[in-house]
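Read through the structure below, which is laid out as structure tokens, and then see the notes.
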Amino acid sequence: MTVKDTSKGRIAYKPMSMSAKEYKQFAKNREPGRSVLANCVRAFLAGGLICLIGQGVQEFYKAAFGMSPLQAGDPTVATMVLLSVILTSVGIYDKIAQWAGAGSAVPVTGFANSMSSAAIEHRSEGLVLGVGANMFKLAGSVIVFGVVAAFFIGIAAWLFGGAGR
Amino acid sequence: MKQGERTWAFPNPPVIIATGTVVGPDEGEGPLSADFDLVHPDMELQQPSWEKAERALLEQATDIAISNAKLKKDDIEYFVGGDLLNQIISSTFAARTIGAPYIGVFGACSTSMETLALASLMVASGAGDKVLAGTSSHNCTVEKQFRYPTEYGSQKPPTAQYTVTGAGAAVVARTGDGPKVTAATIGKVVDLGIKDPFNMGAAMAPAAVDTIQAHLQDTGREPGYYDLIVTGDLAGVGHPIARELLLRNGVPLQQTTFNDCGLMIYDVAKQKVQAGGSGCACSAVVTYGHLLRRMKKGELKRILVAATGALLSPLSFQQGESIPCIAHAVSIEA
């Protein structure tokens with residue numbers, strides 16, 4: 001199908017003729033498929049397992065120290081955060097996440113991972129400008145939108161009489 | 001010397017008299033492991049930061065290339081280098097160590113062939129007799145700069161690619177033993193609107209097609225002139241797209257073997273590298289390590305390496321811009 005350019009006696013091929021729109025569709029059709037269902041099942045299993053471990057930790061604090069469920073909450077979260085930071089530091093958490101997806105991102109362990117990974121990564125730039133300034137690089141938006149959402153929900157609760165119960 | 005639209009043809013072809021290749025542990029576990037001069041067992045290289053580790057890779061690769069050429073650092077007249085980090089610090093800091101007059105270039109992952117083309121042009125034009133070309137990339141520096149902290153748990157899509165940790169360098173000389181650089185075709189920036197930084201193969205494929213076609217047209221060569229045409233780092237998604245586009249445009253690709261360095265460097269099915277390898281070092285170590293070794297053994301006589309680069313910055317894709325891409329092709333003949 002070679003097109004001969006007779007004027008110069010040279011080979012000439014067809015130039016790229018696709019528009020950006022056509023090419024995007026063309027490339028989209030050639031992307032390897034991702035199973036949303038399989039990803040959901042894995043996220044469910046991983047997220048569920050993390051919560052199950054958390055529940056086990058809470059039961060431990062209740063049984064060992066005679067704490068109420070409310071009292072056991074804080075040390076449970078602290079333990080889960082510690083576990084996540086240890087797994088992040090030894091380079092395992094990111095490998096779990098590649099399999100688990102949202103399952104390891106959504107629980108509190110994911111939040112701890114986002115902060116500790118950024119802190120480790122930017123340690124080389126010093127404690128203040130490195131660790132301090134970059135620790136919330138990823139987690140910062142969670143806090144910002146968490147606070148904004150809490151603000152609006154607080155107003156809604158006040159308006160519709162749910163507040164002050 | 002200029003042939004056709006944008007090809008430099010070298011009537012007295014410069015010679016690649018020696019090369020040096022250094023890689024990290026994942027590349028060492030890949031199928032081309034035996035072809036690299038030095039394989040590191042870890043990513044840190046006993047350095048306090050990823051950036052220093054990448055710099056060490058490039059310094060080692062250039063050292064090996066210079067000593068393989070049986071030269072001293074002082075014999076190098078110019079060093080042409082580049083890498084992916086901001087302000088190309090890996091090559092600039094390596095140039096400080098080498099001490100030779102330095103030209104820093106940026107072509108993202110096409111830098112391997114961009115530096116080789118420029119070094120060859122300098123030698124062919126008489127600007128220098130012994131010019132060093134080199135480039136590097138490190139998986140963790142790239143993750144840190146372009147994506148997320150290396151230990152952050154995010155799930156990568158199957159279109160994503162795994163940046164090669166390594167460095168490759170070549171000494172180009174006017175005379176000597178070794179494969180010759182007979183031509184180089186300079187790429188245009190091609191952008192067909194792909195915005196997903198986790199699908200760079202698809203973004204870069206049209207640039208590779210554009211440069212390969214320009215090379216064949218400018219030189220009047222059929223694809224069959226080459227035993228092998230390789231793209232730099234299109235990997236599992238981009239490479240089949242490039243093949244399909246070339247065939248559509250009437251390039252008789254069936255005359256030759258068409259492969260991709262990003263698919264060769266890893267065992268893509270076994271190693272967790274998503275679509276395959278990427279990074280400046282990908283085409284550099286595969287070409288300077290594996291392909292030139294095969295040429296030496298006589299298994300390959302003529303090859304065309306079209307190194308592909310995605311010219312995005314972390315800022316540009318966050319601002320929603322599409323990814324401009326480029327490919328530079330160098331023809332190497334035994």
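Convention: chains lettered A, B, ... in structure tokens order; per-chain residue numbering from 1; ligands numbered from 1 as shown.
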Near-stretch 37-52 of chain A list (8 Å; only C-alpha atoms; drop same-chain fewer than 4 positions) as an NGL selection string:
:A and (56 or 99-104 or 106-107)
Looking only at the backbone, which of the residues in stretch 126-160 of chain A does DSSP tag as helix (DSSP H, G or I), as a short mmCIF file (atom, residue, chain, number, x, y, z; two decimals) with N, CA and C atoms, in the first residue's frame?
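Wrote it out as part_19.cif, contents follow:
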data_model
loop_
_atom_site.label_atom_id
_atom_site.label_comp_id
_atom_site.auth_asym_id
_atom_site.auth_seq_id
_atom_site.Cartn_x
_atom_site.Cartn_y
_atom_site.Cartn_z
N LEU A 127 13.56 18.52 58.29
CA LEU A 127 12.40 18.29 59.16
C LEU A 127 11.30 19.34 58.95
N VAL A 128 11.71 20.59 58.73
CA VAL A 128 10.71 21.65 58.63
C VAL A 128 10.13 21.73 57.22
N LEU A 129 11.00 22.00 56.24
CA LEU A 129 10.52 22.16 54.87
C LEU A 129 10.21 20.82 54.21
N GLY A 130 10.79 19.75 54.72
CA GLY A 130 10.53 18.43 54.15
C GLY A 130 9.35 17.76 54.82
N VAL A 131 9.60 17.19 56.01
CA VAL A 131 8.56 16.43 56.70
C VAL A 131 7.37 17.33 57.06
N GLY A 132 7.67 18.45 57.73
CA GLY A 132 6.60 19.31 58.22
C GLY A 132 5.72 19.85 57.11
N ALA A 133 6.34 20.33 56.04
CA ALA A 133 5.58 20.98 54.99
C ALA A 133 4.87 19.99 54.08
N ASN A 134 5.39 18.77 53.99
CA ASN A 134 4.84 17.84 53.00
C ASN A 134 3.95 16.74 53.59
N ALA A 139 -2.95 14.14 52.70
CA ALA A 139 -3.99 14.09 53.72
C ALA A 139 -4.67 15.44 53.90
N GLY A 140 -3.99 16.51 53.51
CA GLY A 140 -4.52 17.85 53.71
C GLY A 140 -5.89 18.03 53.08
N SER A 141 -6.07 17.51 51.86
CA SER A 141 -7.36 17.72 51.20
C SER A 141 -8.47 16.95 51.92
N VAL A 142 -8.12 15.81 52.52
CA VAL A 142 -9.12 15.06 53.29
C VAL A 142 -9.61 15.91 54.46
N ILE A 143 -8.65 16.58 55.13
CA ILE A 143 -9.01 17.41 56.28
C ILE A 143 -9.83 18.62 55.84
N VAL A 144 -9.38 19.28 54.76
CA VAL A 144 -10.09 20.46 54.27
C VAL A 144 -11.53 20.10 53.93
N PHE A 145 -11.72 19.07 53.12
CA PHE A 145 -13.08 18.75 52.69
C PHE A 145 -13.89 18.10 53.81
N GLY A 146 -13.17 17.45 54.76
CA GLY A 146 -13.86 16.91 55.93
C GLY A 146 -14.44 18.03 56.77
N VAL A 147 -13.63 19.07 57.00
CA VAL A 147 -14.09 20.21 57.82
C VAL A 147 -15.22 20.94 57.11
N VAL A 148 -15.07 21.16 55.79
CA VAL A 148 -16.11 21.87 55.03
C VAL A 148 -17.42 21.08 55.08
N ALA A 149 -17.32 19.76 54.88
CA ALA A 149 -18.52 18.93 54.91
C ALA A 149 -19.16 18.96 56.29
N ALA A 150 -18.32 18.90 57.34
CA ALA A 150 -18.84 18.92 58.71
C ALA A 150 -19.57 20.23 59.00
N PHE A 151 -19.02 21.32 58.44
CA PHE A 151 -19.63 22.64 58.62
C PHE A 151 -21.06 22.65 58.06
N PHE A 152 -21.21 22.17 56.83
CA PHE A 152 -22.52 22.21 56.20
C PHE A 152 -23.49 21.23 56.87
N ILE A 153 -22.96 20.09 57.28
CA ILE A 153 -23.83 19.13 57.96
C ILE A 153 -24.26 19.68 59.32
N GLY A 154 -23.33 20.40 59.96
CA GLY A 154 -23.66 21.04 61.24
C GLY A 154 -24.79 22.05 61.06
N ILE A 155 -24.71 22.86 60.01
CA ILE A 155 -25.76 23.85 59.74
C ILE A 155 -27.09 23.15 59.46
N ALA A 156 -27.01 22.08 58.66
CA ALA A 156 -28.22 21.34 58.33
C ALA A 156 -28.84 20.75 59.59
N ALA A 157 -28.02 20.23 60.48
CA ALA A 157 -28.51 19.63 61.72
C ALA A 157 -29.17 20.69 62.59
N TRP A 158 -28.59 21.89 62.60
CA TRP A 158 -29.15 22.98 63.41
C TRP A 158 -30.50 23.43 62.84
N LEU A 159 -30.55 23.54 61.45
CA LEU A 159 -31.77 23.99 60.79
C LEU A 159 -32.91 23.02 61.00
#
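For the choices A:Leu87, A:Met18, A:Ala78, A:Ala97, the atom-to-atom distance to chain B is smallest for A:Ala97 when using only C-alpha atoms.
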Do you have, as a tab-separated table, the list of residues of chain A lying at most 9 Å from chain B, each with its nearest atom pair and that distance in Å to one decimal, counting only C-alpha atoms and ordered by chain then number?
residue	atom	partner	partner_atom	distance
A:Met1	CA	B:Gly250	CA	5.1
A:Thr2	CA	B:Gly250	CA	5.4
A:Val3	CA	B:Gly250	CA	7.7
A:Arg10	CA	B:Gly220	CA	6.2
A:Ile11	CA	B:Gln217	CA	5.6
A:Ala12	CA	B:Gln217	CA	5.8
A:Tyr13	CA	B:Gly250	CA	5.9
A:Lys14	CA	B:Asn249	CA	4.7
A:Pro15	CA	B:Asn249	CA	6.7
A:Met16	CA	B:Asn249	CA	7.2
A:Ser17	CA	B:Asn249	CA	9.0
A:Met18	CA	B:Leu192	CA	8.3
A:Ser19	CA	B:Leu192	CA	7.1
A:Ala20	CA	B:Leu192	CA	4.5
A:Lys21	CA	B:Gly193	CA	7.5
A:Glu22	CA	B:Leu192	CA	9.0
A:Tyr23	CA	B:Leu192	CA	6.6
A:Lys24	CA	B:Ile194	CA	6.4
A:Phe26	CA	B:Ile241	CA	8.8
A:Ala27	CA	B:Ala202	CA	6.2
A:Lys28	CA	B:Ala202	CA	8.8
A:Arg30	CA	B:Val237	CA	7.1
A:Glu31	CA	B:Val237	CA	6.5
A:Pro32	CA	B:Pro158	CA	6.7
A:Gly33	CA	B:Pro158	CA	8.1
A:Arg34	CA	B:Pro158	CA	7.6
A:Thr88	CA	B:Glu151	CA	6.0
A:Ser89	CA	B:Glu151	CA	7.6
A:Val90	CA	B:Glu151	CA	8.9
A:Gly91	CA	B:Glu151	CA	6.1
A:Ile92	CA	B:Glu151	CA	8.0
A:Tyr93	CA	B:Gly153	CA	6.0
A:Asp94	CA	B:Gly153	CA	3.9
A:Lys95	CA	B:Gly153	CA	7.1
A:Ile96	CA	B:Gly153	CA	7.4
A:Ala97	CA	B:Gly153	CA	4.8
A:Gln98	CA	B:Gln155	CA	4.3
A:Trp99	CA	B:Gln155	CA	7.2
A:Ala100	CA	B:Gln155	CA	7.7
A:Gly101	CA	B:Gln155	CA	5.2
A:Ala102	CA	B:Gln155	CA	8.1
A:Ser104	CA	B:Gly153	CA	7.6
A:Ala105	CA	B:Gly153	CA	7.0
A:Gly110	CA	B:Gly153	CA	7.4
A:Asn113	CA	B:Tyr152	CA	6.2
A:Ser114	CA	B:Tyr152	CA	5.7
A:Met115	CA	B:Tyr152	CA	8.5
A:Ser116	CA	B:Tyr152	CA	8.3
A:Ser117	CA	B:Glu151	CA	5.1
A:Ala118	CA	B:Pro149	CA	5.5
A:Ala119	CA	B:Pro149	CA	8.7
A:Ile120	CA	B:Pro149	CA	8.2
A:Glu121	CA	B:Pro149	CA	5.7
A:His122	CA	B:Pro149	CA	8.4
A:Arg123	CA	B:Ser49	CA	8.7
A:Ser124	CA	B:Ser49	CA	6.0
A:Leu138	CA	B:Tyr148	CA	8.5
Got a sec to tell me which of stretch 53-189 of chain B DSSP assigns to strand (DSSP E or B), as number ranges by chain?
B: 78-83, 102-104, 130-137, 161-163, 166-173, 180-185
Name all residues at most 12 Å from B:Ser283 (count only C-alpha atoms; drop same-chain ones fewer than 3 positions away) and give them as an MDAnalysis selection string.
chainID B and resid 21 108:114 116 134:137 163:169 230:235 259:265 277:280 286:292 304:309 327:330
Could you please determine the separation between atom CA of B:Ile16 and atom CA of B:Gln254 in Å, to one decimal place?
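About the pair atom CA of B:Ile16 and atom CA of B:Gln254: they are 28.7 Å apart.
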Within 12 Å of B:Asn68, counting only C-alpha atoms, which residues show up once you throw out same-chain ones fewer than 6 positions away? Write them as a PyMOL selection string, please.
chain B and resi 16-21+37+60-62+169-171+177-178
Atom CA of B:Glu299 sits from atom CA of B:Ile186 at a separation of 27.1 Å
Between atom CA of B:Val131 and atom CA of B:Val80, measure the distance and give it in Å to one decimal.
7.5 Å
